[in-house]
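Have a look at the structure below, then the notes.
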Amino acid sequence: MTYRELLKLYQEGKLDKAQTDEVEHAIEKQEAISEYLYEKEEIPGLEVLQGQEKEEVFVQGNDAESEEEQRFVKMIQKTIRRTFLKMGAIVGAGVLAIVLCVIFVLPQVVSAFYYNPNEVVGIGEGSDNITTTRMSLDLSVYSELFWPGSYRNTVNAVADGYGTYNISIPQGISYDGKFTTVNGRLKRGKLTLYNTDEFKMPYGNTFMVPKEVEEYSRMHFFDEDTRQFCGPAGSEEEAYASIEKLDDNAYYIAYASLEKLTGYADFYNWAKNREMDAQLWCAVYTSDEDGYMCDSVPVGMLINPSGSCIDWDRETYPYLCQLDNRADTDSWHISEDTEKMETHFISLLSYLRDHPEIVKILNGYQEIPYDMMIESVKQDGLRIYGFSIVCQKEKLLQLRDEEEISYLYAVPLD
């Protein structure tokens with residue numbers, strides 16, 4: 001019987017007491033020899049691990065040592081060498097695993113704690129199955145509410161790890177044939193845009209509040225130096241003459257204030273009769289219990305917008321977007337239905353209330369009384385006090401002469 005077979009029987013508990021004592025004595029001797037050899041650095045094979053050449057060490061036995069004991073010592077040395085190699089392989093594999101984790105896993109783990117613009121929130125129908133991402137939907141809602149003339153509903157984001165993304169916001173529709181893509185970097189919930197002028201809004205509330213709410217002087221005015229309509233100042237005659245000097249081919253973003261609060265149905269019919277019922281943004285007046293305006297920043301919605309069709313949670317936010325990618329819904333062309341447009345505007349406010357991340361990203365200091373505004377619309381309906389439209393000089397001349405308009409403000413599109 002070989003000693004290896006004897007050890008196996010020992011492990012299985014099949015040896016008698018004498019044999020068991022003999023094996024345990026041999027194991028004790030093995031441990032002592034192993035410690036001795038390790039301290040003397042005389043283990044064959046270590047030269048491979050250390051990159052050094054060493055002479056092979058043989059264990060010399062005295063007259064009392066048997067040949068079996070020498071073979072046993074060699075077995076111990078072989079075992080130790082194999083253990084060291086195994087330990088080296090384990091340590092190397094561990095280091096490799098840590099490096100791979102830092103490169104591939106850790107960036108994703110860190111990103112999970114921050115706003116993810118590529119989160120899929122909807123999948124379109126048909127063969128294309130185009131997905132709607134979180135930031136595309138968020139920007140669609142935010143830009144419709146707060147960016148007259150700058151509606152965007154497509155965001156391309158490339159992950160860079162650790163909650164960082166390279167952002168591009170392409171322009172979906174152009175009035176003058178020029179398309180501008182706004183680029184930026186979203187780093188752990190903080191957005192830096194490289195060309196911010198594209199989304200720059202006029203300071204404060206661009207629209208005058210109607211007389212029935214607050215008293216303001218109303219005058220059309222055009223500043224020759226800035227080539228912008230400002231107001232109210234100067235004389236109406238001067239403003240009329242200034243508009244005549246505008247470039248016939250240039251485009252302008254016009255902000256027009258209405259003489260009085262106008263119900264949505266009446267305003268829509270008024271705009272449609274003047275062929276302004278597409279890409280028209282209307283400012284919605286909301287008030288608190290005392291009748292004061294809820295917010296100084298103009299908030300509104302688009303009429304018949306253009307852009308990419310998107311997907312969303314229709315049950316929670318009905319008619320959230322008029323650009324619906326599902327053929328079995330009636331979100332398309334809801335602008336003529338006052339009730340549906342009220343639902344649309346309430347869904348816009350409700351969505352931002354439930355998803356405030358995009359507001360913090362785009363405008364960290366902006367606080368919006370969503371619930372108060374929603375209650376105002378439910379109680380009083382949609383009341384329009386102004387509108388914005390991209391147009392040329394011909395349309396500005398028309399708007400200037402409309403008796404329903406109390407105040408006109410416009411800036412060149414470029």
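Ordered as shown in the structure tokens, chains take letters A, B, and onward, while each chain numbers its residues from 1 and ligands are numbered from 1 in the order shown.
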Residues at most 7 Å from A:Ala283, counting only C-alpha atoms, excluding those fewer than 3 positions away in the same chain, as a PyMOL selection string? chain A and resi 298-301+384-387
Residue contacts of A:Leu349 (9 Å, only C-alpha atoms) excluding same-chain residues fewer than 3 positions away, as a list in words: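 With the cut-off at 9 Å, the set is Val141, Leu145, His344, Phe345, Ile346, Leu352, Arg353, Asp354, Tyr370, Asp371, Met373 and Ile374 of chain A.
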Preceding selection exported with N, CA, C and O atoms as a tab-separated table (two decimals), in the first residue's frame:
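As written to disk, selection_18.tsv reads:
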```tsv
chain	number	residue	atom	x	y	z
A	141	VAL	N	-41.61	67.68	-22.60
A	141	VAL	CA	-42.55	68.32	-21.68
A	141	VAL	C	-42.04	69.69	-21.24
A	141	VAL	O	-42.77	70.68	-21.27
A	145	LEU	N	-43.60	73.56	-22.21
A	145	LEU	CA	-44.12	74.44	-21.17
A	145	LEU	C	-43.39	75.77	-21.09
A	145	LEU	O	-44.01	76.81	-20.85
A	344	HIS	N	-54.40	67.89	-21.69
A	344	HIS	CA	-53.01	67.94	-22.15
A	344	HIS	C	-52.18	68.86	-21.25
A	344	HIS	O	-51.09	68.47	-20.79
A	345	PHE	N	-52.67	70.04	-20.97
A	345	PHE	CA	-51.91	71.00	-20.17
A	345	PHE	C	-51.76	70.51	-18.73
A	345	PHE	O	-50.68	70.64	-18.12
A	346	ILE	N	-52.81	69.93	-18.18
A	346	ILE	CA	-52.73	69.39	-16.81
A	346	ILE	C	-51.72	68.23	-16.76
A	346	ILE	O	-50.96	68.11	-15.80
A	352	LEU	N	-44.21	67.05	-14.86
A	352	LEU	CA	-43.05	67.74	-14.27
A	352	LEU	C	-43.10	67.71	-12.75
A	352	LEU	O	-42.05	67.65	-12.10
A	353	ARG	N	-44.28	67.76	-12.20
A	353	ARG	CA	-44.39	67.65	-10.73
A	353	ARG	C	-43.88	66.29	-10.26
A	353	ARG	O	-43.20	66.20	-9.23
A	354	ASP	N	-44.17	65.24	-11.03
A	354	ASP	CA	-43.76	63.89	-10.65
A	354	ASP	C	-42.34	63.56	-11.07
A	354	ASP	O	-41.75	62.60	-10.57
A	370	TYR	N	-47.10	73.62	-9.07
A	370	TYR	CA	-47.85	72.76	-9.98
A	370	TYR	C	-49.29	72.55	-9.54
A	370	TYR	O	-50.23	72.71	-10.34
A	371	ASP	N	-49.47	72.16	-8.29
A	371	ASP	CA	-50.82	71.83	-7.83
A	371	ASP	C	-51.75	73.04	-7.90
A	371	ASP	O	-52.92	72.90	-8.26
A	373	MET	N	-51.51	75.53	-10.02
A	373	MET	CA	-51.80	75.79	-11.42
A	373	MET	C	-52.80	74.77	-11.97
A	373	MET	O	-53.70	75.11	-12.75
A	374	ILE	N	-52.65	73.51	-11.57
A	374	ILE	CA	-53.58	72.47	-12.02
A	374	ILE	C	-54.99	72.77	-11.51
A	374	ILE	O	-55.97	72.67	-12.25
```
Please provide the set of residues having any atom within 12 Å of A:Glu402, restricted to only C-alpha atoms, with same-chain residues fewer than 6 positions apart removed, written as a list in words.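 Listing them by chain and then by number gives His220, Ala256, Ser257, Leu258, Glu259, Trp270, Ala271, Arg274, Lys395, Leu396 and Leu408 of chain A.
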Output of the above residues as a compact mmCIF listing (two decimals), in the first residue's frame, restricted to all heavy atoms:
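Contents of the output file out_31.txt:
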```txt
# COMPACT_ATOMS: atom_id res chain seq x y z
N HIS A 220 -47.03 99.52 -28.55
CA HIS A 220 -46.09 98.83 -29.43
C HIS A 220 -44.81 99.65 -29.50
O HIS A 220 -44.86 100.87 -29.72
CB HIS A 220 -46.68 98.69 -30.83
CG HIS A 220 -47.99 97.98 -30.86
ND1 HIS A 220 -48.12 96.64 -30.65
CD2 HIS A 220 -49.25 98.45 -31.07
CE1 HIS A 220 -49.39 96.29 -30.74
NE2 HIS A 220 -50.10 97.38 -30.99
N ALA A 256 -46.81 88.11 -28.36
CA ALA A 256 -47.93 89.04 -28.40
C ALA A 256 -48.80 88.86 -27.17
O ALA A 256 -49.15 87.73 -26.80
CB ALA A 256 -48.77 88.82 -29.66
N SER A 257 -49.15 89.97 -26.52
CA SER A 257 -50.04 89.94 -25.36
C SER A 257 -51.45 90.29 -25.80
O SER A 257 -51.65 91.17 -26.65
CB SER A 257 -49.57 90.95 -24.31
OG SER A 257 -48.26 90.66 -23.88
N LEU A 258 -52.42 89.59 -25.25
CA LEU A 258 -53.82 89.83 -25.60
C LEU A 258 -54.40 90.92 -24.72
O LEU A 258 -54.01 91.10 -23.56
CB LEU A 258 -54.63 88.55 -25.45
CG LEU A 258 -54.20 87.38 -26.36
CD1 LEU A 258 -55.08 86.15 -26.09
CD2 LEU A 258 -54.26 87.76 -27.82
N GLU A 259 -55.36 91.63 -25.29
CA GLU A 259 -56.01 92.72 -24.57
C GLU A 259 -56.77 92.22 -23.36
O GLU A 259 -56.86 92.90 -22.34
CB GLU A 259 -56.95 93.46 -25.52
CG GLU A 259 -57.59 94.71 -24.93
CD GLU A 259 -56.59 95.82 -24.71
OE1 GLU A 259 -55.60 95.90 -25.47
OE2 GLU A 259 -56.79 96.59 -23.75
N TRP A 270 -59.72 82.23 -33.32
CA TRP A 270 -59.12 83.51 -33.76
C TRP A 270 -57.81 83.25 -34.50
O TRP A 270 -57.54 83.82 -35.56
CB TRP A 270 -58.90 84.40 -32.54
CG TRP A 270 -58.25 85.71 -32.84
CD1 TRP A 270 -58.87 86.87 -33.21
CD2 TRP A 270 -56.85 86.00 -32.77
NE1 TRP A 270 -57.94 87.87 -33.39
CE2 TRP A 270 -56.69 87.37 -33.12
CE3 TRP A 270 -55.72 85.26 -32.44
CZ2 TRP A 270 -55.45 87.99 -33.16
CZ3 TRP A 270 -54.48 85.87 -32.48
CH2 TRP A 270 -54.35 87.23 -32.84
N ALA A 271 -56.96 82.38 -33.93
CA ALA A 271 -55.67 82.08 -34.55
C ALA A 271 -55.85 81.31 -35.86
O ALA A 271 -55.15 81.57 -36.85
CB ALA A 271 -54.79 81.29 -33.59
N ARG A 274 -56.65 83.30 -38.85
CA ARG A 274 -55.49 84.07 -39.32
C ARG A 274 -54.34 83.16 -39.74
O ARG A 274 -53.21 83.62 -39.87
CB ARG A 274 -55.05 85.05 -38.22
CG ARG A 274 -56.05 86.18 -38.02
CD ARG A 274 -55.98 86.78 -36.63
NE ARG A 274 -56.94 87.85 -36.49
CZ ARG A 274 -58.25 87.66 -36.29
NH1 ARG A 274 -58.72 86.42 -36.21
NH2 ARG A 274 -59.06 88.70 -36.17
N LYS A 395 -46.13 89.01 -41.23
CA LYS A 395 -47.01 88.60 -40.13
C LYS A 395 -46.92 89.59 -38.97
O LYS A 395 -47.92 89.87 -38.29
CB LYS A 395 -46.64 87.20 -39.66
CG LYS A 395 -47.51 86.65 -38.55
CD LYS A 395 -48.96 86.53 -38.98
CE LYS A 395 -49.15 85.46 -40.03
NZ LYS A 395 -50.58 85.25 -40.38
N LEU A 396 -45.72 90.15 -38.72
CA LEU A 396 -45.59 91.16 -37.67
C LEU A 396 -46.45 92.38 -37.97
O LEU A 396 -47.08 92.95 -37.06
CB LEU A 396 -44.13 91.58 -37.52
CG LEU A 396 -43.19 90.60 -36.82
CD1 LEU A 396 -41.75 91.11 -36.90
CD2 LEU A 396 -43.60 90.37 -35.39
N LEU A 408 -46.71 94.03 -28.16
CA LEU A 408 -45.95 93.17 -29.04
C LEU A 408 -44.46 93.26 -28.71
O LEU A 408 -43.91 94.33 -28.56
CB LEU A 408 -46.18 93.57 -30.50
CG LEU A 408 -45.56 92.68 -31.57
CD1 LEU A 408 -46.16 91.30 -31.53
CD2 LEU A 408 -45.75 93.31 -32.96
```
From the DSSP assignment of the backbone, select every residue of stretch 274-352 of chain A that is strand (DSSP E), and format the answer as number ranges by chain. A: 280-284, 300-303
Nearest to A:Ala32 by atom-to-atom distance, counting only C-alpha atoms, from A:Ala89, A:Ile76, A:Phe84, A:Lys340: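 Selected residue with least distance to A:Ala32: A:Ile76.
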Between A:Leu15, A:Ile361, A:Leu100, A:Ala265, single out the one closest to A:Leu139, counting only C-alpha atoms.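 Nearest candidate to A:Leu139 out of A:Leu15, A:Ile361, A:Leu100, A:Ala265: A:Ile361.
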Mind checking which residues fall within 10 Å of A:Arg314, counting only C-alpha atoms, ignoring those fewer than 4 positions away in the same chain, and posting them as a PDB file with C-alpha atoms, in the first residue's frame?
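File selection.pdb, as written:
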```pdb
ATOM      1  CA  PRO A 318     -53.394  61.303 -20.918  1.00  0.00           C
ATOM      2  CA  TYR A 319     -52.646  63.448 -23.974  1.00  0.00           C
ATOM      3  CA  LEU A 320     -49.235  64.331 -22.532  1.00  0.00           C
ATOM      4  CA  CYS A 321     -47.834  64.711 -26.035  1.00  0.00           C
ATOM      5  CA  ASP A 324     -48.170  60.162 -30.410  1.00  0.00           C
ATOM      6  CA  THR A 329     -54.973  56.902 -30.099  1.00  0.00           C
ATOM      7  CA  SER A 347     -50.724  66.296 -17.842  1.00  0.00           C
TER       8      SER A 347
END
```
For atom CA of A:Ser308 and atom CA of A:Gln322, determine how far apart the two atoms are, in Å to one decimal place.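 One can read the atom CA of A:Ser308 to atom CA of A:Gln322 distance as 10.3 Å.
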Among the residues A:Cys391, A:Leu362, A:Met75, A:Leu399, the one that comes closest to A:Lys190 [using only C-alpha atoms]: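 The shortest atom-to-atom distance to A:Lys190 comes from A:Leu362.
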Could you check the closest approach to A:Tyr10 for each of A:Pro117, A:Asn304, A:Val23, A:Asn249 and tell me which residue wins, using only C-alpha atoms?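 Using only C-alpha atoms, A:Tyr10 sits closest to A:Val23.
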Based on DSSP run over this structure's backbone, return all residues of stretch 334-376 of chain A in helix (DSSP H, G or I), as a VMD selection string. chain A and resid 338 to 354 357 to 362 370 to 376
Generate a file of the selected residues that holds N, CA, C and O atoms, formatted as a compact mmCIF listing (two decimals), in the first residue's frame.
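Written output follows (again-v4.txt):
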```txt
# COMPACT_ATOMS: atom_id res chain seq x y z
N THR A 338 -61.24 71.65 -26.78
CA THR A 338 -60.85 72.38 -25.57
C THR A 338 -60.64 71.45 -24.39
O THR A 338 -59.67 71.58 -23.63
N GLU A 339 -61.53 70.48 -24.22
CA GLU A 339 -61.44 69.57 -23.07
C GLU A 339 -60.15 68.75 -23.13
O GLU A 339 -59.46 68.57 -22.12
N LYS A 340 -59.80 68.27 -24.32
CA LYS A 340 -58.58 67.47 -24.46
C LYS A 340 -57.33 68.34 -24.25
O LYS A 340 -56.33 67.88 -23.68
N MET A 341 -57.39 69.58 -24.70
CA MET A 341 -56.24 70.46 -24.49
C MET A 341 -56.08 70.81 -23.01
O MET A 341 -54.96 71.00 -22.53
N GLU A 342 -57.18 70.92 -22.28
CA GLU A 342 -57.09 71.12 -20.83
C GLU A 342 -56.42 69.91 -20.19
O GLU A 342 -55.54 70.06 -19.32
N THR A 343 -56.82 68.71 -20.62
CA THR A 343 -56.19 67.49 -20.11
C THR A 343 -54.71 67.46 -20.47
O THR A 343 -53.87 67.07 -19.66
N HIS A 344 -54.40 67.89 -21.69
CA HIS A 344 -53.01 67.94 -22.15
C HIS A 344 -52.18 68.86 -21.25
O HIS A 344 -51.09 68.47 -20.79
N PHE A 345 -52.67 70.04 -20.97
CA PHE A 345 -51.91 71.00 -20.17
C PHE A 345 -51.76 70.51 -18.73
O PHE A 345 -50.68 70.64 -18.12
N ILE A 346 -52.81 69.93 -18.18
CA ILE A 346 -52.73 69.39 -16.81
C ILE A 346 -51.72 68.23 -16.76
O ILE A 346 -50.96 68.11 -15.80
N SER A 347 -51.68 67.40 -17.81
CA SER A 347 -50.72 66.30 -17.84
C SER A 347 -49.30 66.82 -17.91
O SER A 347 -48.39 66.25 -17.30
N LEU A 348 -49.07 67.91 -18.65
CA LEU A 348 -47.74 68.51 -18.71
C LEU A 348 -47.29 68.94 -17.31
O LEU A 348 -46.16 68.65 -16.89
N LEU A 349 -48.16 69.62 -16.60
CA LEU A 349 -47.83 70.07 -15.25
C LEU A 349 -47.65 68.89 -14.29
O LEU A 349 -46.73 68.87 -13.48
N SER A 350 -48.53 67.90 -14.41
CA SER A 350 -48.46 66.73 -13.52
C SER A 350 -47.18 65.95 -13.75
O SER A 350 -46.56 65.46 -12.79
N TYR A 351 -46.78 65.83 -15.00
CA TYR A 351 -45.57 65.08 -15.31
C TYR A 351 -44.34 65.74 -14.70
O TYR A 351 -43.51 65.07 -14.07
N LEU A 352 -44.21 67.05 -14.86
CA LEU A 352 -43.05 67.74 -14.27
C LEU A 352 -43.10 67.71 -12.75
O LEU A 352 -42.05 67.65 -12.10
N ARG A 353 -44.28 67.76 -12.20
CA ARG A 353 -44.39 67.65 -10.73
C ARG A 353 -43.88 66.29 -10.26
O ARG A 353 -43.20 66.20 -9.23
N ASP A 354 -44.17 65.24 -11.03
CA ASP A 354 -43.76 63.89 -10.65
C ASP A 354 -42.34 63.56 -11.07
O ASP A 354 -41.75 62.60 -10.57
N GLU A 357 -36.60 66.04 -11.93
CA GLU A 357 -35.17 66.01 -12.23
C GLU A 357 -34.80 66.92 -13.40
O GLU A 357 -33.79 67.62 -13.35
N ILE A 358 -35.63 66.92 -14.45
CA ILE A 358 -35.29 67.72 -15.63
C ILE A 358 -35.34 69.21 -15.32
O ILE A 358 -34.58 70.00 -15.88
N VAL A 359 -36.22 69.62 -14.40
CA VAL A 359 -36.29 71.03 -14.01
C VAL A 359 -35.01 71.43 -13.28
O VAL A 359 -34.45 72.51 -13.52
N LYS A 360 -34.52 70.55 -12.40
CA LYS A 360 -33.28 70.84 -11.69
C LYS A 360 -32.10 70.88 -12.65
O LYS A 360 -31.18 71.68 -12.49
N ILE A 361 -32.12 70.01 -13.65
CA ILE A 361 -31.01 69.95 -14.61
C ILE A 361 -30.98 71.20 -15.48
O ILE A 361 -29.93 71.80 -15.70
N LEU A 362 -32.14 71.62 -15.98
CA LEU A 362 -32.19 72.75 -16.91
C LEU A 362 -32.31 74.09 -16.21
O LEU A 362 -31.89 75.12 -16.74
N TYR A 370 -47.10 73.62 -9.07
CA TYR A 370 -47.85 72.76 -9.98
C TYR A 370 -49.29 72.55 -9.54
O TYR A 370 -50.23 72.71 -10.34
N ASP A 371 -49.47 72.16 -8.29
CA ASP A 371 -50.82 71.83 -7.83
C ASP A 371 -51.75 73.04 -7.90
O ASP A 371 -52.92 72.90 -8.26
N MET A 372 -51.24 74.21 -7.58
CA MET A 372 -52.05 75.42 -7.64
C MET A 372 -52.45 75.73 -9.08
O MET A 372 -53.60 76.10 -9.37
N MET A 373 -51.51 75.53 -10.02
CA MET A 373 -51.80 75.79 -11.42
C MET A 373 -52.80 74.77 -11.97
O MET A 373 -53.70 75.11 -12.75
N ILE A 374 -52.65 73.51 -11.57
CA ILE A 374 -53.58 72.47 -12.02
C ILE A 374 -54.99 72.77 -11.51
O ILE A 374 -55.97 72.67 -12.25
N GLU A 375 -55.10 73.16 -10.26
CA GLU A 375 -56.40 73.48 -9.68
C GLU A 375 -57.03 74.68 -10.39
O GLU A 375 -58.25 74.73 -10.60
N SER A 376 -56.20 75.65 -10.78
CA SER A 376 -56.71 76.83 -11.48
C SER A 376 -57.31 76.44 -12.83
O SER A 376 -58.39 76.94 -13.21
```
Option closest in space to A:Asn116, from A:Phe199, A:Gly163, A:Ile27, A:Ala93 [counting only C-alpha atoms]: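 Comparing A:Phe199, A:Gly163, A:Ile27, A:Ala93 against A:Asn116, the winner is A:Gly163.
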